[in-house]
Amino acid sequence: MSQNPLRLLLDFDDRIQRDRDQPSAFLHRRDRRFALDCEQQGITPDASHWLAHMDRLSGPGGTVTAGGRELRLWRRVNGGFVAAGCLIGILTMLGLLFYDGGQRINITVILAFVLFQLLLALATTVQALVGWQPWRWLLRRFHRDHASPTRARLQPLLMARAAHAGGVAFSLAGLATLLVMVVVQDLAFGWSTTLDTAASGYHSLVNNLATPWSWLWPAAVPSLELVEATRFFRAASGTTGIDPSRWGQWWPFVVMLWLTWTVIPRVLLLILSQGLLRHRAARLLARHPGMQALLYRMETATLDTGSSHNDAADLPDTRTRSRPDLLPDTPIMICWAGAGEPELPQRLQAPDTRIFRAGGRATLAQDDEVLAQVGDQLAGQKAPAVIVVTRSWEPPTGELHDFLETARERWPSGARVTLLPLASDPNRPPETHLVQPWLRFTERLAPGFASVALPPTDEPDPYLAGSVQP
Amino acid sequence: MTTAPVFAVVGHPNKGKSSVVATLSQNDAIAIALEPGTTRARQDYPLTVDGQKLYTLVDTPGFQRPRRVLQWLEAHSISASDHPETVRAFVLQHRGDDRFVDECELLAPIVAGAGIIYVVDGSVPYSAEHEAEMTILRWTGRPSLALINSIGEDDYSDTWQSALGQFFQVVRKFDAVRAPFEQHLSLLRAFGQLEPDWEKPLERATRFLSEQRHQRRHQSAGLIARALEDLMSYQEKRTLTLNQVAETSDASLAETLRDRWYQHQRKREQTLRIDIEHLYQHQRIRRQEAELQWHSQHDLFSEDTRKHWAVSKRYLATAGFGAGAVGGAGIDAMTLGSSMGTGALVGGLIGAAGSYFYGDRLLLPALNIGPLKDGLKTASFGPVQDSQFGYVVLGRAVDHWWHISHRNHAGRDLLELEPADHHWLEQLDKTSRREIQRAFDRCRKQRPLTHQQRENLTAAIEQAMSAYDDWRLNRA
């Protein structure tokens, strides 16, 4: 994995964009796992390790990363700028050195052009630092996709780098052209200005400009005599009688001027923009919201609350086929597990009603005794029937099932049981959803043995009014 | 290292054992029904941190034949000291016995060392009929806690509380469907109090749960911010060829674009809903507003919704003043303060006036049908030019978030999102208002938000969530 901070940032930004739609629980699990693995191996987890880990897990043969794509694009842009710079550099220098043997090549024009180049280079850097992008529409046309905020922050610097690369190519091509022209042609330099300037003033200007190389190449610093001798006025026709070779003595100055004030600043600014780019990329990566989120995910333990088990679809069959029956006319009543306490509603009690208690707090032996007593009562009856009063809100249990199964075995054949679920207010009908389990309970007993009846109340029977509940 | 505590949630059938487990384990996929015997086998729900178990809740079936079990135990015991042994023997002997499947399922974790969470329903009258099962549980000798759940409307919890106190170390009320999150944590801490060794893991678990909840709130704000950004800047575009131009009138083109724009916006809102629900581990919520209908009461853009969720002119003016003042302050900075803050004031006034006069008109999003060029015609609809639209979406999103974050996983009811009857956003602080307004304005102009602006918007939405929370609290 490349350590190039720019590539790292672009890859990271792309990965975060791709993670956008992943569930946060998954991301947390994945990144925490990575952090724990790193801890085990004694590695400090960082962005480059993290990206390398992701790529390794996905296996070889992955497509080019976003960083790679972006860098390739910018390499192309840089290449374009360099090529254009070279071409324009050659043409510009040819233009500047245009000499048909008539007029001199004006040093003042070259000075002005060098100054313009310098200002242009500085403006490019300042613009990149400020983040102003007047050429944005052009990039948008190439890019098409919506740049992420991170890329948007990088664009001015990337563009500045491309511009400086073009500038360096421009200045080098210009320098090369200058040298070739010096060799293959006789160039006549002179200086000219409309301003009322003395040669000494002009000399001090060029002297100051030549300060950086005066110790290195004294011949490249024009002397006062040369300055005095090479002033020309376009209105004055012909030469002023000086040695033609003197016109050419300016060339070392021009070469050094171009090298020092055009080539070197551009190279320095190119290096600076490259450095700034790396610095900003590193800073953007550190401050990337995705990085903060990643660090949080790596540092925070994953929490699983036990939500993986799913049996929501595994619900019991709640279809009810039977319907409540009529309450039989029988004096035998068994109150199951405390039902009918403290006392049964009046309308359920007749003078001859015999009430037994079973289930709940009663012991199993007491239950047996109740079964035996009721069995005795039922013996010899034509249509033996028993009412078992229950609490509608306490659902039927295995104990009641056992009790009724035993009853069926012990009581005379043909005996029937009617379950009577009471509401907590026994004078009101039980809620329908509480009666349903009782109906289904009777379906699980021997066919025809048990049924459910609703307590007689003044209110209408919901089962008679509507259809069978599902 | 000590093993993580296990808590067996036991009780009579149909008393809400699964509901308690569903809420505490934040699992809405546990079968819950008003039918005895819905839980047929025990199921573990461990809480793990980085894969390490801190505690396990065990959901169990209810007691079916407690008196028969007790009779067996009593017949096989000589003194109180052999009670736990006898219960273990019962489980061993009856494993695979059809009559005692449920009892073995519920007693097995307890004899293996689990703590007992005994659940009763406090909405039905107390009865002493369950004493057999309570006695069995006491025989196991394990630490125990009784939980008074509430399934129905009535409340008999006080009588239950005094009665259960005789059998259990700790008795707590806990409504599995309605208990707020703080009560979940306090209940878990109570579990930890049952045995000295259990205190630390349960304390750790509650800390993690609390942090997770905090983080979820922040993540929700981020999700809402992203959705707002998408919705506010969305543009529906269509390019027509020469043939298509001939076939389609501008009016029908506008209609199609508008329909598609609305469709996209509704879909995006639904995605946000689902994202928030999944964040809070709600996978199976049924929402009232699943199908948004044009002109229906809960529609995103109906006049009625707007009346409920949109903010007042006064609110917009203050938010506008803030945004304008910031622009004006830039002028002050450029003049190095020599304009003495007039820039901020003038900017603020312009912003406020603009917001006051134009802000509350629910303008239709800009429809733009371009001229025929190179045999192609481009038409676009959106982004919405009225920031009220953003407030409508924000209001609905925060309301949904609030319901989801306060919904327990035992809840199986339909989630009805009714519009609020108050402009609660007006309780939001000025900085947050400004941040929201500024983000809306940027999106409207289809300028992407920077990371910093996005963070600010998220923070402002988090503030809005707090404001809504407070407003709900005060209203209740």
# chains A, B, ... in the order shown; residues from 1 in each chain; ligands from 1
call {"tool": "residues_around", "arguments": {"residues": "stretch 403-416 of chain A", "least_positions_apart": "4", "cutoff": "7 Å", "atoms": "only C-alpha atoms", "output": "VMD selection string"}}
result
chain A and resid 371 375 378 to 379 383 to 386 399 449 to 450
call {"tool": "select_by_dssp", "arguments": {"residues": "stretch 199-326 of chain A", "states": "strand (DSSP E or B)", "output": "list in words"}}
result
Arg231, Leu303, Asp304 and Asp325 of chain A
call {"tool": "write_last_selection", "arguments": {"atoms": "N, CA and C atoms", "output": "short mmCIF file (atom, residue, chain, number, x, y, z; two decimals), in the first residue's frame"}}
result
data_model
loop_
_atom_site.label_atom_id
_atom_site.label_comp_id
_atom_site.auth_asym_id
_atom_site.auth_seq_id
_atom_site.Cartn_x
_atom_site.Cartn_y
_atom_site.Cartn_z
N ARG A 231 21.68 51.43 -25.37
CA ARG A 231 20.36 52.07 -25.39
C ARG A 231 20.03 52.41 -26.84
N LEU A 303 -21.38 -4.03 21.01
CA LEU A 303 -22.35 -4.52 21.98
C LEU A 303 -23.43 -5.29 21.24
N ASP A 304 -23.60 -6.55 21.61
CA ASP A 304 -24.68 -7.34 21.04
C ASP A 304 -25.63 -7.68 22.17
N ASP A 325 -70.68 -23.08 24.07
CA ASP A 325 -71.89 -23.90 24.14
C ASP A 325 -72.86 -23.26 25.14
#
call {"tool": "interface_residues", "arguments": {"of": "chain A", "to": "chain B", "cutoff": "9 Å", "atoms": "only C-alpha atoms", "output": "MDAnalysis selection string"}}
result
chainID A and resid 23:25 29 32:33 36 146:150 152:153 288:289 301:316 318 337:338 359:364 393:400 402 424 433:434 436:437
call {"tool": "residues_around", "arguments": {"residues": "A:Pro156", "least_positions_apart": "6", "cutoff": "10 Å", "atoms": "only C-alpha atoms", "output": "number ranges by chain"}}
result
A: 124-125, 127-136, 162, 277
call {"tool": "residues_around", "arguments": {"residues": "B:Leu107", "least_positions_apart": "3", "cutoff": "9 Å", "atoms": "only C-alpha atoms", "output": "list in words"}}
result
Ala8, Val10, Thr60, Val87, Arg88, Val91, Asp102, Glu103, Cys104, Ile110, Val111, Ala112, Leu137 and Thr140 of chain B
call {"tool": "write_last_selection", "arguments": {"atoms": "C-alpha atoms", "output": "CSV table (one decimal), in the first residue's frame"}}
result
chain,number,residue,atom,x,y,z
B,8,ALA,CA,-33.8,-17.4,33.9
B,10,VAL,CA,-39.8,-17.8,34.6
B,60,THR,CA,-38.5,-20.1,29.3
B,87,VAL,CA,-34.8,-30.1,42.3
B,88,ARG,CA,-31.7,-31.1,40.3
B,91,VAL,CA,-34.8,-32.3,36.2
B,102,ASP,CA,-41.9,-27.2,30.3
B,103,GLU,CA,-40.8,-27.6,33.9
B,104,CYS,CA,-37.5,-29.2,32.9
B,110,ILE,CA,-31.7,-22.5,37.4
B,111,VAL,CA,-30.2,-25.8,38.6
B,112,ALA,CA,-27.2,-24.9,36.5
B,137,LEU,CA,-38.3,-21.8,42.9
B,140,THR,CA,-33.7,-24.3,44.1
call {"tool": "select_by_dssp", "arguments": {"residues": "stretch 283-339 of chain A", "states": "helix (DSSP H, G or I)", "output": "list of chain:residue names"}}
result
A:Arg283, A:Leu284, A:Leu285, A:Ala286, A:Arg287, A:Pro289, A:Gly290, A:Met291, A:Gln292, A:Ala293, A:Leu294, A:Leu295, A:Tyr296, A:Arg297, A:Met298, A:Glu299
call {"tool": "atom_distance", "arguments": {"atom1": "atom CA of A:Val389", "atom2": "atom CA of A:Glu341"}}
result
10.4 Å
call {"tool": "closest_residue", "arguments": {"among": "B:Gln427, B:Gln437, B:Thr458, B:Gln288", "to": "B:Asp470", "atoms": "only C-alpha atoms"}}
result
B:Gln427
call {"tool": "residues_around", "arguments": {"residues": "B:Tyr126", "least_positions_apart": "2", "cutoff": "9 Å", "atoms": "only C-alpha atoms", "output": "list in words"}}
result
Asp121, Gly122, Ser123, Val124, Ala128, Glu129, Tyr156, Ser157, Thr159, Trp160 and Ala163 of chain B
